[in-house]
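Asker: Sharing run-v1.cif here; it has mmCIF, C-alpha atoms.
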data_coords
#
loop_
_atom_site.label_atom_id
_atom_site.label_comp_id
_atom_site.auth_asym_id
_atom_site.auth_seq_id
_atom_site.Cartn_x
_atom_site.Cartn_y
_atom_site.Cartn_z
CA MET U 737 0.00 0.00 0.00
CA ILE U 738 1.43 3.33 -1.07
CA ARG U 739 1.62 5.93 1.70
CA THR U 740 4.29 8.34 0.43
CA ILE U 741 4.52 10.10 -2.94
CA ILE U 742 8.04 11.34 -3.77
CA PHE U 743 8.39 13.92 -6.54
CA ASP U 744 11.37 15.10 -8.51
CA ILE U 745 11.10 18.84 -9.17
CA GLY U 746 12.65 19.79 -12.54
CA ASN U 747 10.30 18.82 -15.39
CA VAL U 748 7.91 17.18 -12.93
CA LEU U 749 6.64 19.85 -10.51
CA THR U 750 8.22 22.67 -12.55
CA VAL U 751 9.46 23.21 -16.10
CA PHE U 752 13.26 23.30 -16.35
CA GLY U 753 13.38 25.23 -19.61
CA TRP U 754 17.06 26.03 -19.97
CA LYS U 755 16.93 26.12 -23.78
CA ASN U 756 14.22 28.80 -23.78
CA PHE U 757 16.11 30.63 -21.03
CA LEU U 758 19.20 30.76 -23.25
CA LYS U 759 17.16 31.91 -26.26
CA SER U 760 15.87 34.87 -24.24
CA PHE U 761 19.32 36.47 -24.35
CA GLY U 762 19.24 36.84 -28.13
CA PHE U 763 22.64 35.30 -28.84
CA ASP U 764 23.36 34.09 -32.37
CA ALA U 765 22.82 30.35 -32.87
CA GLN U 766 26.48 29.37 -32.61
CA THR U 767 27.06 31.39 -29.44
CA GLU U 768 23.88 30.03 -27.90
CA GLU U 769 25.01 26.47 -28.59
CA ARG U 770 28.48 27.08 -27.15
CA VAL U 771 27.12 28.69 -23.99
CA GLY U 772 24.69 25.79 -23.52
CA LYS U 773 27.42 23.19 -23.95
CA ALA U 774 29.63 25.01 -21.45
CA THR U 775 26.93 25.36 -18.79
CA MET U 776 23.50 23.69 -18.56
CA ASP U 777 24.28 20.99 -21.13
CA ASN U 778 27.58 20.03 -19.49
CA PRO U 779 28.26 17.34 -16.85
CA PHE U 780 29.85 20.07 -14.70
CA TRP U 781 26.34 21.47 -14.11
CA ASN U 782 25.87 18.53 -11.73
CA GLU U 783 28.44 20.11 -9.43
CA MET U 784 26.07 23.03 -8.89
CA ASP U 785 23.47 20.57 -7.68
CA ARG U 786 26.01 18.82 -5.44
CA GLY U 787 26.59 22.10 -3.64
CA LYS U 788 30.24 21.56 -2.76
CA LEU U 789 31.65 24.46 -4.84
CA SER U 790 31.06 28.17 -4.32
CA GLU U 791 29.09 30.09 -6.94
CA GLU U 792 32.33 31.80 -8.00
CA GLU U 793 34.04 28.42 -8.45
CA MET U 794 31.12 27.21 -10.53
CA LEU U 795 31.30 30.30 -12.74
CA GLU U 796 35.02 29.81 -13.29
CA GLY U 797 34.43 26.16 -14.15
CA PHE U 798 31.83 27.08 -16.78
CA ILE U 799 34.19 29.66 -18.29
CA GLN U 800 37.01 27.11 -18.43
CA ASN U 801 34.69 24.84 -20.42
CA ASP U 802 34.69 27.44 -23.22
CA PRO U 803 36.63 30.68 -22.62
CA SER U 804 35.55 31.99 -26.05
CA VAL U 805 32.08 32.77 -24.65
CA GLU U 806 33.17 34.05 -21.23
CA LYS U 807 31.23 37.31 -21.57
CA GLU U 808 28.00 35.49 -22.43
CA ILE U 809 28.47 32.90 -19.68
CA ARG U 810 28.91 35.70 -17.14
CA GLN U 811 25.79 37.38 -18.52
CA ILE U 812 23.51 34.38 -18.14
CA TYR U 813 25.00 33.30 -14.81
CA GLU U 814 24.43 36.68 -13.21
CA ASN U 815 20.78 35.86 -12.64
CA LEU U 816 19.21 32.49 -13.50
CA HIS U 817 15.65 33.63 -12.90
CA GLY U 818 13.43 32.17 -15.60
CA ILE U 819 15.41 28.97 -16.09
CA LEU U 820 12.65 27.38 -14.03
CA THR U 821 8.97 28.10 -14.53
CA LYS U 822 5.81 27.02 -12.77
CA ALA U 823 3.75 23.96 -13.55
CA ASN U 824 0.25 25.20 -12.73
CA TYR U 825 -0.88 21.75 -11.61
CA ALA U 826 1.78 21.40 -8.89
CA ILE U 827 0.02 22.95 -5.89
CA PRO U 828 -3.48 21.55 -6.62
CA TRP U 829 -1.99 18.08 -7.15
CA ILE U 830 0.00 18.17 -3.92
CA LYS U 831 -3.00 19.47 -1.98
CA GLU U 832 -5.23 16.77 -3.44
CA LEU U 833 -2.80 13.99 -2.51
CA LYS U 834 -2.35 15.31 1.00
CA ALA U 835 -6.12 15.67 1.48
CA LYS U 836 -6.37 11.95 0.72
CA GLY U 837 -3.86 11.18 3.46
CA TYR U 838 -0.65 10.72 1.49
CA GLN U 839 2.70 12.04 2.65
CA VAL U 840 4.25 14.15 -0.13
CA LEU U 841 8.03 14.60 -0.34
CA VAL U 842 10.47 15.96 -2.92
CA LEU U 843 13.78 14.43 -3.99
CA SER U 844 15.59 16.64 -6.45
CA ASN U 845 19.00 17.53 -7.81
CA PHE U 846 19.01 21.26 -7.17
CA SER U 847 21.44 24.12 -6.70
CA GLU U 848 21.10 26.82 -4.11
CA LYS U 849 21.51 29.54 -6.78
CA VAL U 850 18.71 28.20 -8.99
CA ALA U 851 16.45 27.74 -5.94
CA ARG U 852 17.14 31.25 -4.64
CA GLU U 853 16.69 32.99 -7.98
CA ASN U 854 13.55 31.03 -8.95
CA ALA U 855 11.69 31.02 -5.64
CA ASP U 856 8.50 32.03 -7.45
CA ALA U 857 8.48 28.73 -9.37
CA LEU U 858 9.03 26.78 -6.16
CA ASP U 859 6.00 28.13 -4.31
CA PHE U 860 4.67 24.56 -3.96
CA LEU U 861 7.45 23.69 -1.49
CA GLU U 862 5.48 25.14 1.40
CA TYR U 863 2.79 22.50 0.78
CA VAL U 864 5.01 19.39 0.80
CA ASP U 865 5.94 17.44 3.91
CA GLY U 866 9.68 17.74 3.36
CA GLY U 867 12.28 16.03 1.24
CA ILE U 868 15.79 16.54 -0.05
CA LEU U 869 17.26 19.23 -2.29
CA SER U 870 20.68 17.87 -3.24
CA TYR U 871 22.76 20.98 -2.54
CA LYS U 872 21.80 20.89 1.14
CA ASP U 873 23.18 17.38 1.64
CA GLY U 874 25.98 17.27 -0.95
CA VAL U 875 24.74 14.20 -2.79
CA ILE U 876 22.90 13.88 -6.11
CA LYS U 877 20.75 11.35 -7.94
CA PRO U 878 21.31 8.64 -9.06
CA ASP U 879 23.81 8.05 -6.22
CA PRO U 880 22.18 5.39 -4.00
CA ALA U 881 23.20 7.45 -0.95
CA ILE U 882 20.55 10.11 -1.63
CA TYR U 883 17.73 7.53 -1.70
CA ARG U 884 19.03 5.87 1.46
CA LEU U 885 19.20 9.29 3.12
CA LEU U 886 15.58 10.05 2.24
CA LEU U 887 14.35 6.67 3.47
CA ASP U 888 16.28 6.98 6.73
CA ARG U 889 15.48 10.63 7.40
CA TYR U 890 11.73 10.11 7.08
CA GLY U 891 11.54 6.53 8.38
CA LEU U 892 10.09 5.30 5.10
CA LYS U 893 9.44 1.73 4.00
CA PRO U 894 10.42 1.44 0.32
CA GLU U 895 7.41 -0.72 -0.53
CA GLU U 896 5.10 2.06 0.73
CA CYS U 897 6.66 4.72 -1.54
CA VAL U 898 6.36 5.74 -5.17
CA PHE U 899 8.90 8.01 -6.86
CA LEU U 900 8.19 10.15 -9.94
CA ASP U 901 11.12 11.43 -12.01
CA ASP U 902 11.64 12.30 -15.67
CA VAL U 903 15.15 10.76 -15.88
CA PRO U 904 15.34 6.97 -16.41
CA LYS U 905 18.57 6.44 -14.43
CA ASN U 906 17.09 8.24 -11.42
CA VAL U 907 13.99 6.06 -11.56
CA ASP U 908 16.11 2.90 -11.90
CA ALA U 909 18.19 3.84 -8.85
CA ALA U 910 15.02 4.22 -6.75
CA ALA U 911 13.63 0.92 -8.02
CA ALA U 912 16.79 -0.82 -6.78
CA PHE U 913 15.63 0.03 -3.26
CA GLY U 914 12.23 -1.54 -3.84
CA ILE U 915 10.49 1.79 -4.35
CA ALA U 916 7.66 1.84 -6.91
CA THR U 917 8.56 4.21 -9.73
CA ILE U 918 6.96 6.24 -12.49
CA LEU U 919 8.93 7.70 -15.37
CA PHE U 920 7.19 11.06 -15.63
CA ARG U 921 6.15 12.35 -19.05
CA ASN U 922 3.12 14.45 -18.14
CA GLN U 923 0.64 14.76 -15.30
CA GLU U 924 -2.13 12.82 -17.00
CA GLN U 925 0.13 9.82 -17.66
CA ALA U 926 1.55 9.98 -14.13
CA MET U 927 -1.89 10.10 -12.52
CA GLU U 928 -2.96 7.09 -14.58
CA GLU U 929 0.08 5.12 -13.38
CA LEU U 930 -0.52 6.25 -9.80
CA ARG U 931 -4.08 4.92 -10.01
CA ALA U 932 -2.70 1.59 -11.23
CA LEU U 933 -0.67 1.50 -7.98
CA GLY U 934 -3.81 2.14 -5.94
CA VAL U 935 -3.22 5.86 -5.45
CA GLU U 936 -6.57 7.53 -6.09
#
What is this file in structure tokens?

Answerer:
Amino acid sequence: MIRTIIFDIGNVLTVFGWKNFLKSFGFDAQTEERVGKATMDNPFWNEMDRGKLSEEEMLEGFIQNDPSVEKEIRQIYENLHGILTKANYAIPWIKELKAKGYQVLVLSNFSEKVARENADALDFLEYVDGGILSYKDGVIKPDPAIYRLLLDRYGLKPEECVFLDDVPKNVDAAAAFGIATILFRNQEQAMEELRALGVE
């Protein structure tokens, strides 16, 4: 019996629209591609979510990825507001699940800078029962340690949990613990799969 619903945030409870964010700066196509590959579309972005480096160290790391677009990288990094936008269904969905007696948690790879500069898109956080934002604990999905930390911190039984994420490797890592999983594509599909698990 499912008692706890665990949500990823980016592209589940919000829209992580980094490509549109980049387009908003009006760079030419080549510059836009280079900036993307040096920042959001680079494995080093994960280090922001891990939270071990300062914001200055992250900026320098992005610049080192492609010094030819240093000016543009500094421009976009100055304020990341708009890289995350609201999913209008988030708060009503959370409220509905909680009204039915489910515990609702979040488990998300997240940086402090993105969270701080996009607080408006994270307004649903006040309605959840807790969870883990990776930068606060220095561990990111799909590292098994972050799932173990969530289970231990909230005294959860894996077989009583379901985890929704849009990234297959993150879902697979949760399933290895015996947690029911849903690879999120859209709310309608996710609700259908939740109903199949007995979550009404």

Asker: List every protein, DNA or RNA residue that has an atom no more than 8 Å from (3.4, 15.3, -11.7) in the file's coordinate frame, counting only C-alpha atoms, and report them as a PyMOL selection string.

Answerer: chain U and resi 743+748-749+825-826+829+900+920+922-923+926-927

Asker: Need the shell around region 756-768 of chain U: protein/DNA/RNA residues with any atom at most 8 Å away, counting only C-alpha atoms. Skip same-chain ones fewer than 5 positions apart. Format as an NGL selection string?

Answerer: :U and (805 or 812 or 818-819)

Asker: How far is it from CA of Glu796 (chain U) to CA of His817 (chain U), in Å with one decimal?

Answerer: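 Rounded to one decimal, the two atoms are 19.7 Å apart.
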
Asker: Using CA of Ala911 (chain U) and CA of Asp744 (chain U) as the two end points, give the distance in Å to one decimal.

Answerer: 14.4 Å

Asker: What is the CA of Gly914 (chain U)-CA of Phe752 (chain U) distance in Å, reported with one decimal?

Answerer: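 Interatomic distance, CA of Gly914 (chain U) to CA of Phe752 (chain U): 27.8 Å.
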
Asker: Just checking: using all atoms listed in the file, which residue out of U:Asn815, U:Ala774, U:Pro878, U:Cys897 ends up closest to Leu933 (chain U)?

Answerer: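 The closest residue to Leu933 (chain U) is U:Cys897.
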
Asker: Find the spatial neighbours of Asn747 (chain U), counting only C-alpha atoms, within a cut-off of 10 Å - ignore same-chain residues fewer than 6 positions away - and output them as a ChimeraX atom specification.

Answerer: /U:753,820-823,901-903,920-922

Asker: With all atoms listed in the file as the basis for distance, which of U:Glu853, U:Glu924, U:Asp888, U:Glu936 is at the shortest distance from Leu816 (chain U)?

Answerer: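 Among the listed residues, U:Glu853 lies closest to Leu816 (chain U).
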
Asker: Using only C-alpha atoms, which of U:Glu769, U:Asp785, U:Glu928, U:Asp908 sits nearest Ala851 (chain U)?

Answerer: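 The shortest atom-to-atom distance to Ala851 (chain U) comes from U:Asp785.
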
Asker: Neighbours of region 798-801 of chain U within 12 Å (all atoms listed in the file; same-chain residues fewer than 4 positions away dropped), as a list of chain:residue names?

Answerer: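 Returned residues: U:Arg770, U:Val771, U:Gly772, U:Lys773, U:Ala774, U:Thr775, U:Met776, U:Asp777, U:Asn778, U:Pro779, U:Phe780, U:Trp781, U:Asn782, U:Glu783, U:Met784, U:Glu791, U:Glu792, U:Glu793, U:Met794, U:Val805, U:Glu806, U:Lys807, U:Glu808, U:Ile809, U:Arg810, U:Gln811, U:Ile812, U:Tyr813.
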
Asker: I need the residues from that last selection saved to file as a short mmCIF file (atom, residue, chain, number, x, y, z; two decimals), keeping the file's coordinate frame (with C-alpha atoms), if you can.

Answerer:
data_model
loop_
_atom_site.label_atom_id
_atom_site.label_comp_id
_atom_site.auth_asym_id
_atom_site.auth_seq_id
_atom_site.Cartn_x
_atom_site.Cartn_y
_atom_site.Cartn_z
CA ARG U 770 28.48 27.08 -27.15
CA VAL U 771 27.12 28.69 -23.99
CA GLY U 772 24.69 25.79 -23.52
CA LYS U 773 27.42 23.19 -23.95
CA ALA U 774 29.63 25.01 -21.45
CA THR U 775 26.93 25.36 -18.79
CA MET U 776 23.50 23.69 -18.56
CA ASP U 777 24.28 20.99 -21.13
CA ASN U 778 27.58 20.03 -19.49
CA PRO U 779 28.26 17.34 -16.85
CA PHE U 780 29.85 20.07 -14.70
CA TRP U 781 26.34 21.47 -14.11
CA ASN U 782 25.87 18.53 -11.73
CA GLU U 783 28.44 20.11 -9.43
CA MET U 784 26.07 23.03 -8.89
CA GLU U 791 29.09 30.09 -6.94
CA GLU U 792 32.33 31.80 -8.00
CA GLU U 793 34.04 28.42 -8.45
CA MET U 794 31.12 27.21 -10.53
CA VAL U 805 32.08 32.77 -24.65
CA GLU U 806 33.17 34.05 -21.23
CA LYS U 807 31.23 37.31 -21.57
CA GLU U 808 28.00 35.49 -22.43
CA ILE U 809 28.47 32.90 -19.68
CA ARG U 810 28.91 35.70 -17.14
CA GLN U 811 25.79 37.38 -18.52
CA ILE U 812 23.51 34.38 -18.14
CA TYR U 813 25.00 33.30 -14.81
#
